[in-house]
Amino acid sequence: MKTLVWVEHDGSAVKDATLAAVTAASKLGEVHLLVAGAGVDGVAKAAAQIAGVGKVHVADNAAFGHNLPENIAPLVAELMASHDAFVAPATTTGKNIAPRVAALLDVMQISEVLSVEGPKTFTRPIYAGNAIATVESSDPKLVLTVRGTAFEKAAATGGSGAVEAVSAGGDAGLSSFVGAEIAKQDRPELTSAKIIVSGGRALGSSEKYQEVIVPLADKLGAALGASRAAVDAGYVPNDYQVGQTGKIVAPEVYFAIGISGAIQHLAGMKDSKTIVAINKDEDAPIFQVADFGLVADLFNAVPELTGKI
Amino acid sequence: MKILVPVKRVLDYNVKPRVKADGTGVDLANVKMSMNPFDEIGVEEAIRLKEKGVATEIVAVSVGPAKAQETLRTALAMGADRAILVQTDDEVEPLALAKIFKAIADAEQPGLVILGKQAIDGDNNQTGQMLAALTGWAQGTFASAVNVEGDHVSVTREVDGGLETVKLKLPAIVTTDLRLNEPRYASLPNIMKAKSKPLDTKSPADYGVDTTPRVKTVKVSEPPVRSAGVKVADVDELVAKLKAMGVHS
């Protein structure tokens, strides 16, 4: 089987989510990559270094600059004439593009794949991760999105893929990119961080989040997260949200601070290796999944922890 | 401009799903069902566009069993003008759903179709994007703001790194994210009024769509259970545990 993996990048570097998708694709067969964008020579060279990669298709065109699915999906659909599976990381970009590709190919997509059980059989979460479905596709071609935390990352170097330019596609004239507010954080990305410190509604304000959560994260070199309640209350921006409808994370250590542990939050972090919960309500559901639970007032306990760790 | 709003009847979001003992799925017998929360946000957005004078008519559509009528009545009570039930007891996959909505869009000629970004049962997050592919329209997924400006709509999207705004040619597809709006509750008089609003019943065959599944569910199982660990007495004990794992500054 020949697979085509969507390379997620920021214009200069390959994002980690791609490496997990490469691992998933390698369980199906030969791994080819697609690098699409404007001025992506550097990305293509980096992508060719990923271990185990065969061909790297490079579509360099201004129309592909902002991942507009109206322009990208027809390009992918065309490349799929000579591939058997399209594999994208389940990022907001992958989720935006892959179903559009699937419909152009008249196949069903399998979303958020957790494991590859056979050439056409996969597991995936349903009901916010409260159940795991094993599903088998009967379509002639596969379109998959892959949950990054469920697969090991392929080595970013050691490969020697052959880079090949693709001339297909262009501007469909349906959409244009206006702008973005992308938070520049001088800390690890949530989805690839080893340690995450997350705060919940119990913090009470944006100021308290900054005062209590940020110093602990700074001290541990951790990424910052939050529950949906904290995001909805405006303590932090939406890209901090961990949970079923936010980001799915699986760090080595996850600190849940003042987070009660709603199902939707647990769905986003319960695969973390070690979970530490600090909450003053000893009946909070978060303690049912925490490896280390501390029943305490977070406004005292967290600064003390920051001081002592 | 007409707005089409697909809505799905799903297990209520407050109910904890239970996997059936025979592994064939999640038990939906005698449990509370309600409108998919993301679809509710879609209905609300359509109503707000109508209140602003941008939209003239809101058509709610649902594909599902006879009881999905209740979900459509909820949409009508919130403020949709009429409804279409595409009745079937089969589970319909996103691709077939998108084909049904495409046929309805061909007939109704909406300026916007607003869908939830995903349904909270299957969590597929596909139908809107697939509908966009089949209609050949632009798509603004995971929307947190929607502004119609002449023959375009600008959509602010929640993306991994923050927010992104795209400008789409109309007609277009929008899928909703959590922070787009807070849906209203239907008032009692509006619930009563909704009972007399028009609701058409159709079948997938009326739209020439084959709903045979492409993906077979082999089994459904419980996720691996994570057991509770230990409670530590104080910060010092927590620090000791963390340091033992190599976690320190």
# chains A, B, ... in the order shown; residues from 1 in each chain; ligands from 1

call {"tool": "select_by_dssp", "arguments": {"residues": "region 59-301 of chain A", "states": "alpha helix (DSSP H)", "output": "ChimeraX atom specification"}}
result
/A:69-79,92-105,206-208,214-220,228-232,263-269,298-301

call {"tool": "write_last_selection", "arguments": {"atoms": "N, CA and C atoms", "output": "compact mmCIF listing (two decimals), in the first residue's frame"}}
result
# COMPACT_ATOMS: atom_id res chain seq x y z
N PRO A 69 -8.48 24.86 2.41
CA PRO A 69 -8.90 23.53 1.95
C PRO A 69 -9.49 23.55 0.55
N GLU A 70 -10.06 24.70 0.15
CA GLU A 70 -10.64 24.80 -1.19
C GLU A 70 -9.56 24.62 -2.25
N ASN A 71 -8.33 25.03 -1.93
CA ASN A 71 -7.22 24.91 -2.88
C ASN A 71 -6.44 23.60 -2.69
N ILE A 72 -6.31 23.19 -1.42
CA ILE A 72 -5.48 22.02 -1.11
C ILE A 72 -6.18 20.70 -1.44
N ALA A 73 -7.47 20.60 -1.12
CA ALA A 73 -8.15 19.31 -1.28
C ALA A 73 -8.09 18.77 -2.72
N PRO A 74 -8.35 19.62 -3.74
CA PRO A 74 -8.24 19.09 -5.11
C PRO A 74 -6.83 18.60 -5.45
N LEU A 75 -5.81 19.27 -4.90
CA LEU A 75 -4.43 18.85 -5.11
C LEU A 75 -4.22 17.44 -4.52
N VAL A 76 -4.67 17.25 -3.29
CA VAL A 76 -4.51 15.95 -2.64
C VAL A 76 -5.29 14.88 -3.41
N ALA A 77 -6.53 15.23 -3.79
CA ALA A 77 -7.36 14.25 -4.50
C ALA A 77 -6.66 13.80 -5.78
N GLU A 78 -5.99 14.74 -6.45
CA GLU A 78 -5.28 14.38 -7.68
C GLU A 78 -4.11 13.43 -7.38
N LEU A 79 -3.36 13.74 -6.32
CA LEU A 79 -2.23 12.88 -5.95
C LEU A 79 -2.70 11.50 -5.50
N THR A 92 -6.07 20.95 13.70
CA THR A 92 -7.16 21.70 13.08
C THR A 92 -6.96 21.79 11.56
N THR A 93 -5.72 21.78 11.10
CA THR A 93 -5.48 21.80 9.65
C THR A 93 -5.88 20.47 9.02
N GLY A 94 -5.43 19.37 9.62
CA GLY A 94 -5.78 18.04 9.10
C GLY A 94 -7.28 17.82 9.09
N LYS A 95 -7.94 18.23 10.17
CA LYS A 95 -9.39 18.04 10.27
C LYS A 95 -10.14 18.90 9.27
N ASN A 96 -9.54 20.00 8.88
CA ASN A 96 -10.18 20.91 7.93
C ASN A 96 -10.09 20.35 6.50
N ILE A 97 -8.94 19.76 6.19
CA ILE A 97 -8.66 19.34 4.81
C ILE A 97 -9.13 17.91 4.51
N ALA A 98 -8.83 16.96 5.41
CA ALA A 98 -9.03 15.54 5.08
C ALA A 98 -10.46 15.17 4.68
N PRO A 99 -11.50 15.65 5.40
CA PRO A 99 -12.85 15.24 4.98
C PRO A 99 -13.21 15.78 3.59
N ARG A 100 -12.65 16.95 3.26
CA ARG A 100 -12.92 17.51 1.93
C ARG A 100 -12.29 16.62 0.86
N VAL A 101 -11.12 16.09 1.18
CA VAL A 101 -10.46 15.14 0.27
C VAL A 101 -11.30 13.87 0.15
N ALA A 102 -11.74 13.35 1.30
CA ALA A 102 -12.50 12.08 1.31
C ALA A 102 -13.74 12.20 0.44
N ALA A 103 -14.47 13.32 0.57
CA ALA A 103 -15.70 13.47 -0.21
C ALA A 103 -15.39 13.58 -1.70
N LEU A 104 -14.26 14.24 -2.05
CA LEU A 104 -13.88 14.32 -3.47
C LEU A 104 -13.57 12.93 -4.02
N LEU A 105 -13.07 12.04 -3.14
CA LEU A 105 -12.74 10.68 -3.57
C LEU A 105 -13.93 9.73 -3.41
N SER A 206 -8.06 35.96 35.39
CA SER A 206 -6.90 35.92 34.53
C SER A 206 -5.64 36.29 35.33
N GLU A 207 -5.79 37.26 36.23
CA GLU A 207 -4.64 37.70 37.05
C GLU A 207 -4.12 36.56 37.90
N LYS A 208 -5.06 35.81 38.52
CA LYS A 208 -4.64 34.69 39.38
C LYS A 208 -3.98 33.58 38.57
N VAL A 214 1.43 30.36 36.05
CA VAL A 214 2.58 30.66 35.19
C VAL A 214 3.94 30.44 35.89
N PRO A 215 4.12 30.89 37.16
CA PRO A 215 5.43 30.68 37.79
C PRO A 215 5.80 29.20 37.91
N LEU A 216 4.81 28.34 38.21
CA LEU A 216 5.12 26.91 38.32
C LEU A 216 5.55 26.37 36.95
N ALA A 217 4.82 26.77 35.90
CA ALA A 217 5.17 26.33 34.55
C ALA A 217 6.56 26.84 34.17
N ASP A 218 6.85 28.08 34.52
CA ASP A 218 8.17 28.65 34.22
C ASP A 218 9.26 27.83 34.88
N LYS A 219 9.04 27.48 36.13
CA LYS A 219 10.06 26.78 36.90
C LYS A 219 10.33 25.39 36.32
N LEU A 220 9.27 24.76 35.79
CA LEU A 220 9.42 23.39 35.27
C LEU A 220 9.66 23.37 33.76
N ARG A 228 -11.87 23.98 29.88
CA ARG A 228 -12.82 24.75 29.08
C ARG A 228 -13.44 25.87 29.92
N ALA A 229 -13.74 25.56 31.19
CA ALA A 229 -14.37 26.56 32.05
C ALA A 229 -13.49 27.80 32.18
N ALA A 230 -12.18 27.58 32.31
CA ALA A 230 -11.26 28.71 32.46
C ALA A 230 -11.17 29.51 31.16
N VAL A 231 -11.23 28.82 30.02
CA VAL A 231 -11.18 29.51 28.73
C VAL A 231 -12.48 30.29 28.51
N ASP A 232 -13.61 29.63 28.79
CA ASP A 232 -14.91 30.30 28.62
C ASP A 232 -15.02 31.53 29.52
N ILE A 263 -15.91 15.33 32.29
CA ILE A 263 -15.64 14.28 31.30
C ILE A 263 -14.89 14.85 30.11
N GLN A 264 -15.34 16.03 29.68
CA GLN A 264 -14.75 16.59 28.46
C GLN A 264 -13.29 17.00 28.67
N HIS A 265 -12.93 17.37 29.90
CA HIS A 265 -11.52 17.68 30.17
C HIS A 265 -10.70 16.39 30.27
N LEU A 266 -11.24 15.40 30.99
CA LEU A 266 -10.53 14.12 31.15
C LEU A 266 -10.22 13.50 29.79
N ALA A 267 -11.17 13.67 28.84
CA ALA A 267 -10.98 13.08 27.52
C ALA A 267 -9.73 13.63 26.84
N GLY A 268 -9.33 14.83 27.24
CA GLY A 268 -8.19 15.46 26.59
C GLY A 268 -6.85 15.19 27.23
N MET A 269 -6.84 14.62 28.48
CA MET A 269 -5.56 14.48 29.17
C MET A 269 -5.36 13.15 29.90
N LEU A 298 -5.52 25.84 46.44
CA LEU A 298 -4.46 26.00 45.44
C LEU A 298 -3.68 27.30 45.63
N PHE A 299 -4.34 28.33 46.18
CA PHE A 299 -3.66 29.62 46.31
C PHE A 299 -2.53 29.56 47.34
N ASN A 300 -2.58 28.57 48.26
CA ASN A 300 -1.45 28.35 49.17
C ASN A 300 -0.51 27.28 48.62
N ALA A 301 -1.12 26.17 48.15
CA ALA A 301 -0.32 25.00 47.81
C ALA A 301 0.57 25.23 46.59

call {"tool": "residues_around", "arguments": {"residues": "Gly293 (chain A)", "least_positions_apart": "2", "cutoff": "7 Å", "atoms": "only C-alpha atoms", "output": "PyMOL selection string"}}
result
(chain A and resi 276-278+287+290-291+295) or (chain B and resi 230-232)

call {"tool": "write_last_selection", "arguments": {"atoms": "all heavy atoms", "output": "compact mmCIF listing (two decimals), in the first residue's frame"}}
result
# COMPACT_ATOMS: atom_id res chain seq x y z
N VAL A 276 -1.10 14.89 38.22
CA VAL A 276 -1.06 15.47 39.55
C VAL A 276 -2.25 16.42 39.66
O VAL A 276 -2.44 17.28 38.80
CB VAL A 276 0.24 16.28 39.76
CG1 VAL A 276 0.26 16.92 41.14
CG2 VAL A 276 1.47 15.39 39.56
N ALA A 277 -3.07 16.23 40.72
CA ALA A 277 -4.24 17.09 40.88
C ALA A 277 -4.16 17.85 42.19
O ALA A 277 -3.84 17.27 43.23
CB ALA A 277 -5.52 16.27 40.83
N ILE A 278 -4.42 19.14 42.12
CA ILE A 278 -4.51 19.95 43.33
C ILE A 278 -5.88 20.63 43.30
O ILE A 278 -6.21 21.35 42.36
CB ILE A 278 -3.39 21.01 43.39
CG1 ILE A 278 -2.02 20.32 43.36
CG2 ILE A 278 -3.55 21.88 44.64
CD1 ILE A 278 -0.84 21.28 43.31
N PHE A 287 -9.67 13.53 41.03
CA PHE A 287 -8.88 12.65 41.91
C PHE A 287 -9.03 11.17 41.55
O PHE A 287 -8.22 10.35 41.93
CB PHE A 287 -9.27 12.88 43.38
CG PHE A 287 -8.76 14.20 43.92
CD1 PHE A 287 -9.64 15.14 44.44
CD2 PHE A 287 -7.40 14.50 43.89
CE1 PHE A 287 -9.18 16.36 44.94
CE2 PHE A 287 -6.93 15.72 44.38
CZ PHE A 287 -7.82 16.64 44.90
N ALA A 290 -6.15 10.83 39.09
CA ALA A 290 -4.84 11.40 39.45
C ALA A 290 -3.94 10.36 40.10
O ALA A 290 -4.39 9.56 40.92
CB ALA A 290 -5.04 12.59 40.38
N ASP A 291 -2.68 10.38 39.72
CA ASP A 291 -1.70 9.51 40.39
C ASP A 291 -1.34 10.08 41.74
O ASP A 291 -1.18 9.34 42.71
CB ASP A 291 -0.46 9.38 39.51
CG ASP A 291 -0.80 8.75 38.18
OD1 ASP A 291 -0.89 7.52 38.11
OD2 ASP A 291 -1.02 9.50 37.20
N VAL A 295 -5.31 17.45 48.35
CA VAL A 295 -6.51 18.21 48.69
C VAL A 295 -6.04 19.43 49.46
O VAL A 295 -5.60 19.32 50.61
CB VAL A 295 -7.48 17.37 49.54
CG1 VAL A 295 -8.74 18.19 49.89
CG2 VAL A 295 -7.87 16.09 48.80
N VAL B 230 -2.58 7.86 44.67
CA VAL B 230 -2.57 8.13 46.10
C VAL B 230 -2.85 9.61 46.36
O VAL B 230 -2.63 10.46 45.52
CB VAL B 230 -1.19 7.78 46.71
CG1 VAL B 230 -0.95 6.29 46.60
CG2 VAL B 230 -0.08 8.56 46.02
N LYS B 231 -3.37 9.86 47.56
CA LYS B 231 -3.50 11.24 48.00
C LYS B 231 -2.25 11.54 48.83
O LYS B 231 -1.84 10.74 49.68
CB LYS B 231 -4.74 11.40 48.88
CG LYS B 231 -6.05 11.32 48.09
CD LYS B 231 -6.73 12.68 47.95
CE LYS B 231 -7.90 12.66 47.00
NZ LYS B 231 -9.08 11.98 47.54
N VAL B 232 -1.64 12.67 48.56
CA VAL B 232 -0.49 13.06 49.37
C VAL B 232 -0.98 14.01 50.46
O VAL B 232 -1.98 14.71 50.30
CB VAL B 232 0.61 13.74 48.51
CG1 VAL B 232 1.22 12.74 47.55
CG2 VAL B 232 0.06 14.94 47.74

call {"tool": "select_by_dssp", "arguments": {"residues": "region 5-42 of chain B", "states": "strand (DSSP E or B)", "output": "PyMOL selection string"}}
result
chain B and resi 5-6+9-11+19+26+33-35

call {"tool": "residues_around", "arguments": {"residues": "Gly204 (chain A)", "least_positions_apart": "6", "cutoff": "10 Å", "atoms": "only C-alpha atoms", "output": "ChimeraX atom specification"}}
result
/A:230,233,235,258

call {"tool": "write_last_selection", "arguments": {"atoms": "N, CA, C and O atoms", "output": "PDB file, in the first residue's frame"}}
result
ATOM      1  N   ALA A 230     -12.179  27.580  32.313  1.00  0.00           N
ATOM      2  CA  ALA A 230     -11.263  28.711  32.457  1.00  0.00           C
ATOM      3  C   ALA A 230     -11.174  29.514  31.156  1.00  0.00           C
ATOM      4  O   ALA A 230     -11.065  30.735  31.173  1.00  0.00           O
ATOM      5  N   ALA A 233     -14.398  31.447  30.713  1.00  0.00           N
ATOM      6  CA  ALA A 233     -14.452  32.578  31.642  1.00  0.00           C
ATOM      7  C   ALA A 233     -13.469  33.682  31.242  1.00  0.00           C
ATOM      8  O   ALA A 233     -13.431  34.733  31.872  1.00  0.00           O
ATOM      9  N   TYR A 235     -10.091  33.588  31.244  1.00  0.00           N
ATOM     10  CA  TYR A 235      -8.806  33.692  31.955  1.00  0.00           C
ATOM     11  C   TYR A 235      -7.630  33.580  30.976  1.00  0.00           C
ATOM     12  O   TYR A 235      -6.580  34.178  31.187  1.00  0.00           O
ATOM     13  N   GLY A 258      -6.960  23.253  40.300  1.00  0.00           N
ATOM     14  CA  GLY A 258      -8.275  23.899  40.387  1.00  0.00           C
ATOM     15  C   GLY A 258      -9.187  23.468  39.264  1.00  0.00           C
ATOM     16  O   GLY A 258     -10.056  24.212  38.831  1.00  0.00           O
TER      17      GLY A 258
END

call {"tool": "closest_atom_pairs", "arguments": {"of": "chain A", "to": "chain B", "cutoff": "7 Å", "atoms": "only C-alpha atoms", "output": "Markdown table"}}
result
| residue | atom | partner | partner_atom | distance |
| --- | --- | --- | --- | --- |
| A:Glu70 | CA | B:Ala138 | CA | 6.1 |
| A:Thr91 | CA | B:Asp160 | CA | 6.9 |
| A:Thr92 | CA | B:Val159 | CA | 5.5 |
| A:Asn96 | CA | B:Thr141 | CA | 6.7 |
| A:Pro99 | CA | B:Gln126 | CA | 5.2 |
| A:Arg100 | CA | B:Met130 | CA | 4.9 |
| A:Ala103 | CA | B:Met130 | CA | 5.1 |
| A:Leu104 | CA | B:Ala133 | CA | 6.1 |
| A:Met108 | CA | B:Leu95 | CA | 5.9 |
| A:Ser111 | CA | B:Asn124 | CA | 5.7 |
| A:Ile126 | CA | B:Gly122 | CA | 5.1 |
| A:Tyr127 | CA | B:Asp121 | CA | 4.6 |
| A:Ala128 | CA | B:Ile120 | CA | 6.8 |
| A:Asn130 | CA | B:Pro223 | CA | 6.3 |
| A:Ala131 | CA | B:Glu222 | CA | 5.0 |
| A:Ile132 | CA | B:Ser221 | CA | 5.3 |
| A:Ala133 | CA | B:Val220 | CA | 4.4 |
| A:Thr134 | CA | B:Lys219 | CA | 5.3 |
| A:Val135 | CA | B:Thr217 | CA | 4.5 |
| A:Glu136 | CA | B:Lys216 | CA | 5.1 |
| A:Ser137 | CA | B:Val215 | CA | 4.4 |
| A:Ser138 | CA | B:Arg214 | CA | 5.4 |
| A:Asp139 | CA | B:Arg214 | CA | 6.2 |
| A:Leu174 | CA | B:Lys169 | CA | 5.3 |
| A:Ser175 | CA | B:Leu168 | CA | 4.4 |
| A:Ser176 | CA | B:Lys167 | CA | 5.2 |
| A:Phe177 | CA | B:Val166 | CA | 4.6 |
| A:Val178 | CA | B:Val166 | CA | 5.1 |
| A:Gly179 | CA | B:Thr165 | CA | 5.3 |
| A:Ala180 | CA | B:Glu164 | CA | 4.1 |
| A:Glu181 | CA | B:Leu163 | CA | 5.1 |
| A:Ile182 | CA | B:Gly162 | CA | 4.7 |
| A:Ala183 | CA | B:Gly162 | CA | 6.0 |
| A:Lys219 | CA | B:Ser249 | CA | 5.3 |
| A:Leu220 | CA | B:Ser249 | CA | 4.9 |
| A:Asn238 | CA | B:Gly162 | CA | 6.6 |
| A:Asp239 | CA | B:Gly162 | CA | 5.0 |
| A:Phe287 | CA | B:Ala228 | CA | 6.5 |
| A:Gln288 | CA | B:Ala228 | CA | 4.6 |
| A:Val289 | CA | B:Ala228 | CA | 4.8 |
| A:Ala290 | CA | B:Ala228 | CA | 5.5 |
| A:Asp291 | CA | B:Gly229 | CA | 3.9 |
| A:Phe292 | CA | B:Val230 | CA | 5.3 |
| A:Gly293 | CA | B:Lys231 | CA | 4.5 |
| A:Leu294 | CA | B:Val232 | CA | 5.4 |
| A:Ala301 | CA | B:Val235 | CA | 6.4 |
| A:Glu304 | CA | B:Val235 | CA | 7.0 |
| A:Leu305 | CA | B:Val235 | CA | 6.0 |
| A:Lys308 | CA | B:Val239 | CA | 7.0 |
| A:Ile309 | CA | B:His248 | CA | 5.3 |

call {"tool": "residues_around", "arguments": {"residues": "region 22-39 of chain A", "least_positions_apart": "4", "cutoff": "9 Å", "atoms": "only C-alpha atoms", "output": "PyMOL selection string"}}
result
chain A and resi 1-9+11-12+17-18+43-44+47-48+50-67+72+76+83+85-89+113-116+118-120+146+151-154+161

call {"tool": "write_last_selection", "arguments": {"atoms": "C-alpha atoms", "output": "tab-separated table (two decimals), in the first residue's frame"}}
result
chain	number	residue	atom	x	y	z
A	1	MET	CA	0.00	0.00	0.00
A	2	LYS	CA	1.23	3.51	-0.85
A	3	THR	CA	0.36	6.18	1.68
A	4	LEU	CA	0.44	9.96	1.32
A	5	VAL	CA	1.08	11.79	4.59
A	6	TRP	CA	0.15	15.44	5.04
A	7	VAL	CA	3.15	17.36	6.36
A	8	GLU	CA	2.07	19.91	8.93
A	9	HIS	CA	4.51	22.80	9.03
A	11	GLY	CA	6.51	27.51	6.70
A	12	SER	CA	9.97	26.72	8.01
A	17	ALA	CA	2.26	15.95	14.71
A	18	THR	CA	3.56	14.93	11.27
A	43	VAL	CA	10.39	22.27	4.80
A	44	ALA	CA	10.67	19.79	1.93
A	47	ALA	CA	10.70	16.35	5.54
A	48	ALA	CA	12.95	14.23	3.31
A	50	ILE	CA	12.29	11.88	8.31
A	51	ALA	CA	13.20	8.24	8.87
A	52	GLY	CA	11.50	5.76	6.56
A	53	VAL	CA	10.18	8.25	4.03
A	54	GLY	CA	10.10	7.40	0.32
A	55	LYS	CA	9.03	10.20	-1.97
A	56	VAL	CA	8.35	13.79	-0.88
A	57	HIS	CA	5.85	15.54	-3.14
A	58	VAL	CA	6.30	19.28	-2.98
A	59	ALA	CA	3.53	21.60	-4.13
A	60	ASP	CA	4.97	25.11	-3.96
A	61	ASN	CA	2.36	27.66	-4.95
A	62	ALA	CA	1.08	30.91	-3.45
A	63	ALA	CA	-2.41	29.36	-3.48
A	64	PHE	CA	-1.26	26.76	-0.94
A	65	GLY	CA	0.22	29.31	1.43
A	66	HIS	CA	-2.45	29.30	4.12
A	67	ASN	CA	-3.73	25.74	3.96
A	72	ILE	CA	-5.48	22.02	-1.11
A	76	VAL	CA	-4.51	15.95	-2.64
A	83	HIS	CA	-1.76	6.45	-3.58
A	85	ALA	CA	-4.26	6.09	1.76
A	86	PHE	CA	-4.19	9.76	2.75
A	87	VAL	CA	-3.00	10.17	6.31
A	88	ALA	CA	-3.19	13.54	8.10
A	89	PRO	CA	-2.49	14.42	11.70
A	113	VAL	CA	-7.21	6.94	14.59
A	114	LEU	CA	-5.72	5.53	17.80
A	115	SER	CA	-4.28	2.30	16.44
A	116	VAL	CA	-3.83	0.38	13.20
A	118	GLY	CA	-5.11	-4.32	10.07
A	119	PRO	CA	-4.84	-3.01	6.52
A	120	LYS	CA	-8.34	-1.51	6.77
A	146	VAL	CA	-4.38	10.31	13.25
A	151	PHE	CA	1.62	6.97	18.05
A	152	GLU	CA	5.35	7.22	18.70
A	153	LYS	CA	7.04	9.95	16.73
A	154	ALA	CA	9.12	8.82	13.76
A	161	GLY	CA	13.38	10.75	0.65

call {"tool": "residues_around", "arguments": {"residues": "Glu91 (chain B)", "least_positions_apart": "5", "cutoff": "9 Å", "atoms": "only C-alpha atoms", "output": "mmCIF file with all heavy atoms, in the first residue's frame"}}
result
data_model
loop_
_atom_site.group_PDB
_atom_site.id
_atom_site.type_symbol
_atom_site.label_atom_id
_atom_site.label_comp_id
_atom_site.auth_asym_id
_atom_site.auth_seq_id
_atom_site.Cartn_x
_atom_site.Cartn_y
_atom_site.Cartn_z
ATOM 1 N N GLY B 64 -32.655 11.187 10.634
ATOM 2 C CA GLY B 64 -32.705 10.303 11.791
ATOM 3 C C GLY B 64 -34.068 9.674 11.948
ATOM 4 O O GLY B 64 -34.907 9.757 11.047
ATOM 5 N N THR B 211 -27.567 5.019 1.635
ATOM 6 C CA THR B 211 -26.957 5.221 2.956
ATOM 7 C C THR B 211 -26.247 3.975 3.481
ATOM 8 O O THR B 211 -25.916 3.894 4.665
ATOM 9 C CB THR B 211 -28.013 5.672 3.988
ATOM 10 O OG1 THR B 211 -29.029 4.667 4.057
ATOM 11 C CG2 THR B 211 -28.633 7.002 3.604
ATOM 12 N N THR B 212 -26.010 3.008 2.604
ATOM 13 C CA THR B 212 -25.278 1.813 3.028
ATOM 14 C C THR B 212 -23.927 2.227 3.616
ATOM 15 O O THR B 212 -23.177 2.960 2.979
ATOM 16 C CB THR B 212 -25.011 0.883 1.813
ATOM 17 O OG1 THR B 212 -26.239 0.697 1.136
ATOM 18 C CG2 THR B 212 -24.447 -0.462 2.259
ATOM 19 N N PRO B 213 -23.609 1.758 4.846
ATOM 20 C CA PRO B 213 -22.353 2.186 5.471
ATOM 21 C C PRO B 213 -21.116 1.731 4.698
ATOM 22 O O PRO B 213 -21.092 0.648 4.124
ATOM 23 C CB PRO B 213 -22.378 1.516 6.846
ATOM 24 C CG PRO B 213 -23.765 1.051 7.060
ATOM 25 C CD PRO B 213 -24.392 0.876 5.721
#

call {"tool": "atom_distance", "arguments": {"atom1": "CA of Ala21 (chain B)", "atom2": "CA of Glu117 (chain A)"}}
result
21.9 Å

call {"tool": "residues_around", "arguments": {"residues": "Ala80 (chain B)", "least_positions_apart": "5", "cutoff": "12 Å", "atoms": "only C-alpha atoms", "output": "number ranges by chain"}}
result
B: 2-7, 40, 42-51, 55-61, 71-75, 186, 190-191, 193-195, 197-199

call {"tool": "residues_around", "arguments": {"residues": "region 188-199 of chain A", "least_positions_apart": "6", "cutoff": "6 Å", "atoms": "only C-alpha atoms", "output": "PyMOL selection string"}}
result
chain A and resi 217+222-226+249+251-258

call {"tool": "atom_distance", "arguments": {"atom1": "CA of Val146 (chain B)", "atom2": "CA of Val54 (chain B)"}}
result
11.6 Å

call {"tool": "atom_distance", "arguments": {"atom1": "CA of Ala68 (chain B)", "atom2": "CA of Thr123 (chain A)"}}
result
28.6 Å
